[in-house]
Each structure stands twice: as structure tokens, then as C-alpha cells.
file final-v6.txt (compact mmCIF, C-alpha atoms and all ligand atoms)
# COMPACT_ATOMS: atom_id res chain seq x y z
CA MET A 16 -75.75 13.06 -167.18
CA SER A 17 -74.72 16.66 -167.53
CA THR A 18 -74.46 18.54 -164.23
CA SER A 19 -75.69 21.80 -165.71
CA LEU A 20 -79.10 20.86 -167.01
CA SER A 21 -80.72 23.98 -165.60
CA GLN A 22 -78.33 26.16 -167.61
CA ARG A 23 -78.51 24.29 -170.86
CA GLN A 24 -79.42 25.88 -174.16
CA LEU A 25 -82.87 24.57 -174.94
CA PRO A 26 -84.14 23.93 -178.44
CA VAL A 27 -87.26 25.91 -179.22
CA ARG A 28 -90.57 24.07 -179.31
CA LYS A 29 -93.22 25.97 -181.17
CA GLU A 30 -96.77 25.85 -179.87
CA LYS A 31 -99.21 24.49 -182.41
CA SER A 32 -101.36 26.98 -184.26
CA GLU A 33 -105.12 26.84 -183.66
CA GLU A 34 -105.63 25.45 -187.16
CA SER A 35 -103.27 22.52 -186.72
CA ARG A 36 -104.57 21.13 -183.45
CA GLY A 37 -107.91 20.20 -181.98
CA LYS A 38 -110.16 23.25 -181.76
CA THR A 39 -109.97 23.74 -178.02
CA VAL A 40 -109.22 20.61 -176.04
CA LYS A 41 -105.92 19.15 -177.19
CA ILE A 42 -105.90 15.48 -178.11
CA TRP A 43 -103.28 12.88 -177.21
CA ALA A 44 -103.10 9.29 -178.42
CA HIS A 45 -103.37 7.08 -175.35
CA ARG A 46 -100.91 4.16 -175.69
CA GLY A 47 -100.86 5.11 -179.39
CA CYS A 48 -103.98 4.49 -181.49
CA SER A 49 -104.93 1.79 -179.02
CA GLN A 50 -108.55 1.25 -179.97
CA ARG A 51 -107.88 -0.11 -183.47
CA TYR A 52 -104.33 -1.36 -182.94
CA PRO A 53 -102.69 -3.10 -180.01
CA GLU A 54 -101.71 -0.64 -177.32
CA ASN A 55 -98.11 0.46 -176.75
CA THR A 56 -96.76 -1.10 -179.97
CA LEU A 57 -94.79 0.42 -182.83
CA LEU A 58 -97.86 -0.14 -185.01
CA ALA A 59 -100.12 1.87 -182.69
CA PHE A 60 -97.51 4.66 -182.48
CA GLU A 61 -96.95 4.72 -186.25
CA LYS A 62 -100.69 5.21 -186.77
CA ALA A 63 -100.73 8.03 -184.21
CA MET A 64 -97.80 9.77 -185.92
CA GLU A 65 -99.85 10.06 -189.09
CA ILE A 66 -102.59 12.11 -187.42
CA GLN A 67 -102.34 15.81 -188.18
CA GLY A 68 -103.23 18.10 -185.30
CA LEU A 69 -102.44 15.53 -182.61
CA GLU A 70 -100.91 17.15 -179.53
CA GLY A 71 -98.94 14.11 -178.47
CA ILE A 72 -98.60 10.43 -177.71
CA GLU A 73 -98.79 8.81 -174.28
CA LEU A 74 -97.10 5.53 -173.34
CA ASP A 75 -96.01 3.54 -170.27
CA ILE A 76 -92.51 2.37 -169.38
CA GLN A 77 -91.26 -0.38 -167.08
CA LEU A 78 -87.89 -2.07 -166.44
CA THR A 79 -86.88 -5.58 -167.43
CA LYS A 80 -84.85 -7.86 -165.17
CA ASP A 81 -81.68 -6.79 -167.01
CA GLY A 82 -82.49 -3.09 -166.74
CA HIS A 83 -83.94 -2.24 -170.15
CA MET A 84 -86.82 0.23 -170.43
CA VAL A 85 -89.72 -1.36 -172.26
CA VAL A 86 -93.07 0.09 -173.28
CA ILE A 87 -95.92 -1.88 -171.73
CA HIS A 88 -98.84 -0.96 -169.53
CA ASP A 89 -99.41 -3.91 -167.19
CA GLU A 90 -96.81 -5.11 -164.70
CA ARG A 91 -97.63 -8.62 -165.93
CA LEU A 92 -97.30 -10.00 -169.46
CA ASP A 93 -100.48 -12.05 -169.43
CA ARG A 94 -103.07 -9.70 -170.88
CA THR A 95 -101.27 -8.41 -173.96
CA THR A 96 -98.90 -11.30 -174.86
CA GLU A 97 -98.82 -15.09 -174.74
CA GLY A 98 -96.29 -14.79 -171.91
CA THR A 99 -96.96 -15.03 -168.23
CA GLY A 100 -95.45 -13.48 -165.10
CA PHE A 101 -93.97 -10.07 -164.41
CA VAL A 102 -92.06 -7.80 -166.77
CA LYS A 103 -89.50 -7.25 -163.99
CA ASP A 104 -88.67 -10.99 -163.92
CA ALA A 105 -87.84 -11.34 -167.61
CA CYS A 106 -84.79 -10.23 -169.61
CA LEU A 107 -85.26 -8.16 -172.75
CA LYS A 108 -84.24 -11.10 -174.95
CA GLU A 109 -87.05 -13.22 -173.50
CA LEU A 110 -89.60 -10.41 -173.83
CA LYS A 111 -88.67 -9.86 -177.46
CA LYS A 112 -89.73 -13.44 -178.28
CA LEU A 113 -93.32 -12.71 -177.18
CA HIS A 114 -96.06 -11.70 -179.58
CA ILE A 115 -98.73 -9.06 -179.35
CA TYR A 116 -101.39 -10.08 -181.83
CA ALA A 117 -102.66 -7.33 -184.07
CA GLY A 118 -105.65 -8.59 -186.01
CA GLU A 119 -104.86 -8.66 -189.72
CA ASN A 120 -101.56 -6.85 -189.17
CA ALA A 121 -98.29 -8.59 -188.43
CA ALA A 122 -97.89 -9.61 -184.79
CA GLN A 123 -96.06 -6.97 -182.80
CA GLU A 124 -93.40 -7.22 -180.10
CA ILE A 125 -92.90 -5.28 -176.90
CA PRO A 126 -90.87 -2.23 -177.92
CA THR A 127 -88.10 -0.59 -175.94
CA ILE A 128 -88.61 3.13 -175.27
CA GLU A 129 -85.55 3.82 -177.40
CA GLU A 130 -87.16 2.07 -180.38
CA VAL A 131 -90.29 4.18 -179.91
CA ILE A 132 -88.35 7.43 -179.62
CA ASP A 133 -86.40 6.58 -182.77
CA LEU A 134 -89.65 5.89 -184.61
CA LEU A 135 -91.24 9.14 -183.44
CA MET A 136 -88.13 11.28 -183.83
CA PRO A 137 -89.04 12.87 -187.19
CA ARG A 138 -92.28 14.21 -185.73
CA LEU A 139 -90.98 14.95 -182.24
CA LYS A 140 -88.58 17.52 -183.54
CA GLN A 141 -90.74 19.14 -186.19
CA GLY A 142 -91.62 22.78 -185.58
CA GLU A 143 -95.23 21.96 -184.78
CA GLY A 144 -94.59 18.34 -184.08
CA ILE A 145 -96.06 16.01 -181.53
CA ARG A 146 -95.13 15.71 -177.89
CA LEU A 147 -94.40 12.55 -175.89
CA ASN A 148 -95.86 11.77 -172.47
CA ILE A 149 -93.74 9.11 -170.81
CA GLU A 150 -95.59 7.57 -167.88
CA LEU A 151 -93.26 5.85 -165.44
CA LYS A 152 -95.38 2.85 -164.49
CA ASN A 153 -93.82 2.30 -161.09
CA SER A 154 -96.48 2.45 -158.42
CA VAL A 155 -96.66 -1.36 -158.15
CA CYS A 156 -93.03 -2.33 -158.89
CA PRO A 157 -90.63 0.41 -157.79
CA TYR A 158 -88.10 -0.05 -160.64
CA LEU A 159 -85.15 1.56 -158.89
CA GLY A 160 -83.07 3.69 -161.22
CA MET A 161 -85.72 4.03 -163.93
CA GLU A 162 -85.85 7.82 -163.47
CA GLU A 163 -82.11 8.17 -164.11
CA LYS A 164 -82.31 5.93 -167.16
CA ILE A 165 -85.20 7.72 -168.81
CA VAL A 166 -83.98 11.26 -168.12
CA GLU A 167 -80.57 10.30 -169.47
CA LEU A 168 -82.07 8.78 -172.63
CA VAL A 169 -84.33 11.76 -173.27
CA HIS A 170 -81.31 14.06 -173.04
CA LYS A 171 -79.16 11.78 -175.18
CA LYS A 172 -81.83 11.98 -177.89
CA GLY A 173 -82.18 15.76 -177.44
CA ILE A 174 -85.96 15.66 -177.06
CA GLU A 175 -86.37 17.11 -173.57
CA GLN A 176 -88.46 20.03 -174.81
CA TRP A 177 -91.04 17.66 -176.26
CA VAL A 178 -91.35 15.28 -173.29
CA VAL A 179 -93.79 15.30 -170.38
CA TYR A 180 -92.99 12.82 -167.60
CA SER A 181 -95.85 11.49 -165.48
CA SER A 182 -96.44 8.93 -162.77
CA PHE A 183 -98.97 8.01 -160.11
CA TYR A 184 -95.98 7.74 -157.76
CA ALA A 185 -95.07 11.16 -156.36
CA LEU A 186 -91.58 10.15 -155.16
CA SER A 187 -90.69 9.11 -158.67
CA LEU A 188 -91.70 12.52 -160.01
CA GLU A 189 -89.64 14.14 -157.26
CA ARG A 190 -86.62 12.17 -158.52
CA VAL A 191 -87.25 13.28 -162.10
CA ARG A 192 -87.48 16.90 -160.96
CA LYS A 193 -84.13 16.59 -159.12
CA LEU A 194 -82.49 14.99 -162.15
CA ASP A 195 -83.81 17.64 -164.51
CA PRO A 196 -85.09 20.82 -162.88
CA LEU A 197 -86.53 21.91 -166.23
CA ALA A 198 -88.42 18.71 -166.97
CA GLU A 199 -92.14 19.08 -167.59
CA ILE A 200 -93.96 16.95 -165.06
CA GLY A 201 -97.60 15.84 -164.98
CA VAL A 202 -99.11 14.47 -161.77
CA LEU A 203 -101.33 11.45 -162.23
CA ASP A 204 -104.11 10.59 -159.81
CA GLY A 205 -107.76 9.61 -159.88
CA ARG A 206 -109.12 12.94 -158.66
CA VAL A 207 -108.05 16.35 -159.88
CA SER A 208 -108.01 17.61 -156.27
CA ASP A 209 -105.39 14.97 -155.37
CA CYS A 210 -103.40 15.93 -158.47
CA LEU A 211 -103.47 19.58 -157.40
CA TYR A 212 -102.16 18.93 -153.90
CA LYS A 213 -99.36 16.76 -155.25
CA LEU A 214 -98.55 19.32 -157.95
CA LYS A 215 -98.01 21.98 -155.31
CA GLY A 216 -95.80 19.73 -153.21
CA LEU A 217 -93.70 18.69 -156.16
CA GLY A 218 -93.55 21.92 -158.10
CA ALA A 219 -95.00 19.98 -161.02
CA ASP A 220 -96.41 21.53 -164.17
CA ALA A 221 -99.66 19.78 -165.05
CA LEU A 222 -102.56 17.81 -163.59
CA HIS A 223 -103.33 14.38 -165.10
CA PRO A 224 -106.61 13.21 -163.49
CA SER A 225 -109.18 10.69 -164.59
CA TRP A 226 -111.93 12.42 -166.56
CA ARG A 227 -114.30 10.96 -163.94
CA GLY A 228 -112.37 12.66 -161.14
CA MET A 229 -113.12 16.31 -161.85
CA ASP A 230 -114.06 17.22 -158.27
CA LEU A 231 -112.98 20.89 -158.34
CA SER A 232 -114.82 23.77 -159.90
CA PRO A 233 -113.37 25.04 -163.19
CA ASP A 234 -112.56 28.33 -161.44
CA ARG A 235 -110.07 26.56 -159.20
CA LEU A 236 -108.39 25.05 -162.22
CA LYS A 237 -107.92 28.26 -164.17
CA GLY A 238 -104.37 28.64 -165.40
CA TYR A 239 -103.53 24.94 -164.96
CA THR A 240 -102.90 22.42 -167.70
CA VAL A 241 -105.37 19.61 -167.00
CA ARG A 242 -104.80 16.51 -169.13
CA ALA A 243 -107.54 13.99 -168.41
CA TYR A 244 -107.32 10.28 -169.11
CA LEU A 245 -110.15 7.89 -169.82
CA SER A 246 -109.89 4.63 -167.95
CA GLY A 247 -110.19 1.35 -169.74
CA HIS A 248 -108.32 0.03 -172.72
CA LEU A 249 -110.50 -1.31 -175.46
CA TYR A 250 -108.45 -3.23 -178.03
CA PRO A 251 -109.25 -5.84 -179.38
CA GLU A 252 -112.88 -4.81 -179.20
CA LYS A 253 -114.23 -3.24 -182.35
CA PRO A 254 -113.51 0.41 -183.10
CA THR A 255 -116.35 2.41 -181.67
CA GLY A 256 -116.14 5.64 -183.66
CA ALA A 257 -118.00 7.11 -180.70
CA ARG A 258 -117.22 10.73 -179.89
CA LEU A 259 -116.97 12.35 -176.51
CA ASP A 260 -118.37 15.81 -176.05
CA LEU A 261 -115.11 17.77 -175.83
CA ASP A 262 -116.94 21.01 -175.09
CA MET A 263 -118.40 19.40 -172.00
CA LEU A 264 -114.89 18.39 -170.88
CA GLU A 265 -113.59 21.88 -171.50
CA LYS A 266 -116.33 23.37 -169.33
CA GLN A 267 -115.02 21.26 -166.46
CA GLY A 268 -111.55 22.77 -166.81
CA ILE A 269 -109.97 20.03 -168.91
CA THR A 270 -107.42 21.37 -171.40
CA ASP A 271 -106.17 18.09 -172.93
CA VAL A 272 -107.48 14.55 -173.17
CA PHE A 273 -105.82 11.16 -173.69
CA LEU A 274 -107.92 9.12 -176.11
CA ASN A 275 -107.62 5.57 -177.43
CA GLU A 276 -109.23 6.58 -180.70
CA PRO A 277 -107.83 10.05 -181.53
CA GLU A 278 -108.31 9.45 -185.24
CA VAL A 279 -112.07 9.79 -184.77
CA TYR A 280 -111.58 13.44 -183.78
CA LEU A 281 -108.66 14.43 -185.97
CA GLY A 282 -108.41 11.90 -188.78
O1 LIG A 301 -101.37 8.74 -168.41
C1 LIG A 301 -102.76 8.65 -168.42
C2 LIG A 301 -103.24 7.24 -168.25
O2 LIG A 301 -102.54 6.44 -169.16
C3 LIG A 301 -103.08 6.71 -166.88
O3 LIG A 301 -103.72 5.48 -166.69
O4 LIG A 301 -103.77 3.05 -166.48
O5 LIG A 301 -104.03 4.06 -168.71
O6 LIG A 301 -101.83 4.10 -167.59
P1 LIG A 301 -103.32 4.12 -167.40
CA CA A 302 -100.53 5.33 -169.08

call {"tool": "encode", "arguments": {"input": "final-v6.txt", "output": "C-alpha cells"}}
result
Amino acid sequence: MSTSLSQRQLPVRKEKSEESRGKTVKIWAHRGCSQRYPENTLLAFEKAMEIQGLEGIELDIQLTKDGHMVVIHDERLDRTTEGTGFVKDACLKELKKLHIYAGENAAQEIPTIEEVIDLLMPRLKQGEGIRLNIELKNSVCPYLGMEEKIVELVHKKGIEQWVVYSSFYALSLERVRKLDPLAEIGVLDGRVSDCLYKLKGLGADALHPSWRGMDLSPDRLKGYTVRAYLSGHLYPEKPTGARLDLDMLEKQGITDVFLNEPEVYLG
């Protein structure tokens, strides 16, 4: 890693114009287009990349036994693959043999974060391209060294201006901040009040609460980026096509929302 990150020349990331994004609340694809396609797979990310006006894509990373960063939400393999046991106890080669079934589409495999970044690269670096929220999924398994690995990879790929790091684990975000003082950091927690206290302690940039945890008045949230997530993953249930009232979310102080079915709003 370079020792002069804070002095580096940063590429310019243009903000999206009003016409090319959601009208007010910005929309992110949560684990890719994870309502119609299996979450955290190249297929779900490919579908998200096609959506014009999308603010960004969110995903989760964990470490394999042999130290590779893979994109998967649960600490265990059981829900999304035919495998069993913990991600941390399997080598990448073993994980790559597992299948994530994808309806009529070809079965998917667990991707590495590098594979996902390479897939998204054309849109990550476009003038008004998408952003990438990398959630370090380390509040159950600590995954020592994952912060160094991901910050180094993001810099190697030259996409630091497009990345937002997040975690429920404050110490992990503190490590990211030390590794890259200019990194954009979002604090995850259930309640927005808890996010706010952690944000102040960490010098973080954004609040990432549950949309059910908006326990502060919008006045207290003025000036903050508030990216709310909706709990629950829905695949392989049927696409719902149901729409949330984004104006109602905005009135609560929410600026961005992570959705499993972003195509319903922007497609
Ligand atoms: O990053 C927002 C959201 O993804 C956090 O919850 O459980 O879906 O990773 P979870
Ligand atoms: Ca997540």
C-alpha cells in the first residue's frame, strides 16, 4: 500500500445529474438485483449494471480459509448453496465448486470481490457511473486482515473514488479509516441514532440504518447522507413489483435506499 494516500491525486467522480438518477431518493441495488436473481452473484450484478439512473450496487465480503475475499452475505454456506458450514472454514477452490441456483438461468458460483469489480469496472469509472458499497461482513467472524486486503485491492483497481465501505463493526471501519484517510465510510446499525453516534466517533461520512430504525427527527439528520437498508432478502420468492413510497422515506431524512428490486423504480 502506498504511504501517501492522503496526498494522492484523485480521479474526478462526477455527481449524477437529476435526470439520470432517481428523482430525489437515490437507489442502490442491494446484493445486486437480488429479488429476481440470486443475491451477490455475477448475474445479479450484471442485471444491476444495466439499470440507468442507479446510484450504486451494494454487496457483502468475507474471507475464505486461504485468505481470499468472496462475495456472500451469510457466514454459513447453507442458505444460498448446497454446501454446509462456514465460509471461513473453506478454501476458495472448494467454494468455487458450489452452486447457487438461479431459476431458469445457469447456476451461479460464489464470486470473488475481484471478479465483481472487474465485471463492474466499465460502469464504475464512467463519468456518471455507478458506485460500489462494499460491506465488510465481519461482526460475527472477525476476518483479521480483511480491511488491508480490500483497501489494497480498491487502490490497485483505481476505484477508490467510487467506493463506500461499510460495516456493522465499528473497529473495522476505524481500521479502514486508518488505512485510507480519504475513504468514504458508511456506518451500519439498526437505528439511525446509533449510526450517528458511531459516525461522530469514527469521523465517518454516512449513516446506513435500517429503514425501520429512523428514530431521529429529520431536522437532526439535515446535512447527513442517510442510506437506509430494507431487511430481508427475498429471492427465490416471486418478484413483487411492489413499490415503496420514496417520498415518505425522504420526509424521514433518508437520502438513499438499498433495494432488492431497483428495476421496479428505474427500469
Ligand atoms: O448494507 C446494507 C444492508 O445490506 C445491511 O444488512 O444484512 O442485508 O447485509 P444486510
Ligand atoms: Ca449487506

call {"tool": "closest_atom_pairs", "arguments": {"input": "final-v6.txt", "of": "chain A", "to": "ligand LIG 301 (chain A)", "cutoff": "7 Å", "atoms": "all atoms listed in the file", "output": "tab-separated table"}}
result
residue	atom	partner	partner_atom	distance
A:His45	CA	A:LIG301	O2	6.3
A:Glu73	CA	A:LIG301	O1	6.4
A:Leu74	CA	A:LIG301	O2	6.9
A:Asp75	CA	A:LIG301	O6	6.4
A:His88	CA	A:LIG301	O6	6.2
A:Glu150	CA	A:LIG301	O1	5.9
A:Ser181	CA	A:LIG301	O1	6.8
A:Leu203	CA	A:LIG301	O1	6.7
A:His223	CA	A:LIG301	C1	6.6
A:Tyr244	CA	A:LIG301	C1	4.9
A:Ser246	CA	A:LIG301	O5	5.9
A:Gly247	CA	A:LIG301	O5	6.8
A:Phe273	CA	A:LIG301	C1	6.6

call {"tool": "residues_near_ligand", "arguments": {"input": "final-v6.txt", "ligand": "ligand CA 302 (chain A)", "cutoff": "12 Å", "atoms": "all atoms listed in the file", "output": "ChimeraX atom specification"}}
result
/A:43-47,49,54-55,72-77,86-90,147-154,180-183,201-204,223-225,242-248,273-275

call {"tool": "residues_near_point", "arguments": {"input": "final-v6.txt", "point": "(-118.0, 23.7, -163.6)", "cutoff": "12 Å", "atoms": "all atoms listed in the file", "output": "PyMOL selection string"}}
result
chain A and resi 229-237+262-269

call {"tool": "closest_residue", "arguments": {"input": "final-v6.txt", "among": "A:Thr79, A:Thr99, A:Val131, A:Ala121", "to": "A:Glu61", "atoms": "only C-alpha atoms"}}
result
A:Val131

call {"tool": "closest_residue", "arguments": {"input": "final-v6.txt", "among": "A:Ile128, A:Ile174, A:Tyr116, A:Lys164", "to": "A:Arg94", "atoms": "all atoms listed in the file"}}
result
A:Tyr116

call {"tool": "atom_distance", "arguments": {"input": "final-v6.txt", "atom1": "atom CA of A:Arg192", "atom2": "atom CA of A:Gln176"}}
result
14.2 Å

call {"tool": "decode", "arguments": {"input": "final-v6.txt", "residues": "stretch 93-207 of chain A", "atoms": "C-alpha atoms", "output": "short mmCIF file (atom, residue, chain, number, x, y, z; two decimals), in the first residue's frame"}}
result
data_model
loop_
_atom_site.label_atom_id
_atom_site.label_comp_id
_atom_site.auth_asym_id
_atom_site.auth_seq_id
_atom_site.Cartn_x
_atom_site.Cartn_y
_atom_site.Cartn_z
CA ASP A 93 -26.17 -23.39 3.83
CA ARG A 94 -28.85 -20.94 2.73
CA THR A 95 -27.57 -19.94 -0.69
CA THR A 96 -25.59 -23.02 -1.84
CA GLU A 97 -25.72 -26.80 -1.50
CA GLY A 98 -22.69 -26.54 0.80
CA THR A 99 -22.68 -26.55 4.55
CA GLY A 100 -20.52 -24.96 7.24
CA PHE A 101 -18.74 -21.63 7.45
CA VAL A 102 -17.17 -19.62 4.64
CA LYS A 103 -14.11 -19.12 6.87
CA ASP A 104 -13.51 -22.89 7.02
CA ALA A 105 -13.40 -23.49 3.27
CA CYS A 106 -10.72 -22.69 0.68
CA LEU A 107 -11.64 -20.75 -2.44
CA LYS A 108 -11.21 -23.85 -4.61
CA GLU A 109 -13.83 -25.70 -2.54
CA LEU A 110 -16.23 -22.74 -2.57
CA LYS A 111 -15.96 -22.43 -6.34
CA LYS A 112 -17.36 -25.97 -6.73
CA LEU A 113 -20.63 -24.94 -5.04
CA HIS A 114 -23.71 -23.84 -6.96
CA ILE A 115 -26.12 -21.02 -6.41
CA TYR A 116 -29.26 -21.97 -8.29
CA ALA A 117 -30.75 -19.25 -10.43
CA GLY A 118 -34.12 -20.39 -11.71
CA GLU A 119 -34.04 -20.70 -15.49
CA ASN A 120 -30.60 -19.10 -15.66
CA ALA A 121 -27.35 -21.03 -15.42
CA ALA A 122 -26.35 -21.89 -11.87
CA GLN A 123 -24.02 -19.29 -10.41
CA GLU A 124 -20.92 -19.60 -8.23
CA ILE A 125 -19.72 -17.54 -5.30
CA PRO A 126 -17.74 -14.70 -6.85
CA THR A 127 -14.56 -13.16 -5.52
CA ILE A 128 -14.71 -9.39 -4.99
CA GLU A 129 -12.06 -9.02 -7.67
CA GLU A 130 -14.30 -10.79 -10.20
CA VAL A 131 -17.15 -8.45 -9.30
CA ILE A 132 -15.00 -5.33 -9.57
CA ASP A 133 -13.72 -6.47 -12.96
CA LEU A 134 -17.30 -7.02 -14.13
CA LEU A 135 -18.44 -3.61 -12.90
CA MET A 136 -15.34 -1.72 -13.97
CA PRO A 137 -16.76 -0.24 -17.20
CA ARG A 138 -19.59 1.40 -15.26
CA LEU A 139 -17.62 2.22 -12.11
CA LYS A 140 -15.35 4.54 -13.98
CA GLN A 141 -17.86 6.18 -16.29
CA GLY A 142 -18.40 9.90 -15.75
CA GLU A 143 -21.84 9.38 -14.26
CA GLY A 144 -21.30 5.75 -13.47
CA ILE A 145 -22.41 3.66 -10.56
CA ARG A 146 -20.84 3.48 -7.13
CA LEU A 147 -19.94 0.37 -5.12
CA ASN A 148 -20.78 -0.13 -1.45
CA ILE A 149 -18.55 -2.85 -0.04
CA GLU A 150 -19.92 -4.12 3.27
CA LEU A 151 -17.28 -5.87 5.34
CA LYS A 152 -19.36 -8.66 6.84
CA ASN A 153 -17.23 -9.15 9.92
CA SER A 154 -19.34 -8.69 13.02
CA VAL A 155 -19.70 -12.46 13.55
CA CYS A 156 -16.33 -13.72 12.23
CA PRO A 157 -13.61 -11.10 12.70
CA TYR A 158 -11.68 -11.88 9.47
CA LEU A 159 -8.36 -10.40 10.55
CA GLY A 160 -6.63 -8.53 7.76
CA MET A 161 -9.71 -8.13 5.56
CA GLU A 162 -9.53 -4.33 5.80
CA GLU A 163 -5.96 -4.28 4.47
CA LYS A 164 -6.86 -6.64 1.65
CA ILE A 165 -9.89 -4.74 0.45
CA VAL A 166 -8.35 -1.27 0.69
CA GLU A 167 -5.32 -2.52 -1.20
CA LEU A 168 -7.46 -4.09 -3.93
CA VAL A 169 -9.62 -0.99 -4.33
CA HIS A 170 -6.48 1.10 -4.80
CA LYS A 171 -4.91 -1.43 -7.15
CA LYS A 172 -8.02 -1.17 -9.33
CA GLY A 173 -8.05 2.65 -9.06
CA ILE A 174 -11.69 2.82 -8.00
CA GLU A 175 -11.36 4.46 -4.58
CA GLN A 176 -13.46 7.46 -5.60
CA TRP A 177 -16.41 5.21 -6.40
CA VAL A 178 -16.30 3.01 -3.28
CA VAL A 179 -18.16 3.34 0.01
CA TYR A 180 -17.00 0.95 2.75
CA SER A 181 -19.49 -0.07 5.43
CA SER A 182 -19.72 -2.45 8.35
CA PHE A 183 -21.76 -3.05 11.48
CA TYR A 184 -18.41 -3.42 13.26
CA ALA A 185 -17.05 -0.01 14.26
CA LEU A 186 -13.46 -1.20 14.86
CA SER A 187 -13.30 -2.47 11.32
CA LEU A 188 -14.34 0.93 9.98
CA GLU A 189 -11.71 2.54 12.20
CA ARG A 190 -9.10 0.30 10.54
CA VAL A 191 -10.32 1.27 7.07
CA ARG A 192 -10.12 4.96 8.01
CA LYS A 193 -6.51 4.50 9.22
CA LEU A 194 -5.55 2.64 6.05
CA ASP A 195 -7.14 5.26 3.81
CA PRO A 196 -7.89 8.60 5.45
CA LEU A 197 -9.86 9.62 2.35
CA ALA A 198 -12.05 6.53 2.18
CA GLU A 199 -15.79 7.13 2.22
CA ILE A 200 -17.23 5.25 5.17
CA GLY A 201 -20.85 4.41 5.97
CA VAL A 202 -21.81 3.31 9.49
CA LEU A 203 -24.27 0.43 9.62
CA ASP A 204 -26.59 -0.11 12.55
CA GLY A 205 -30.24 -0.84 13.21
CA ARG A 206 -31.15 2.64 14.45
CA VAL A 207 -30.12 5.90 12.85
#
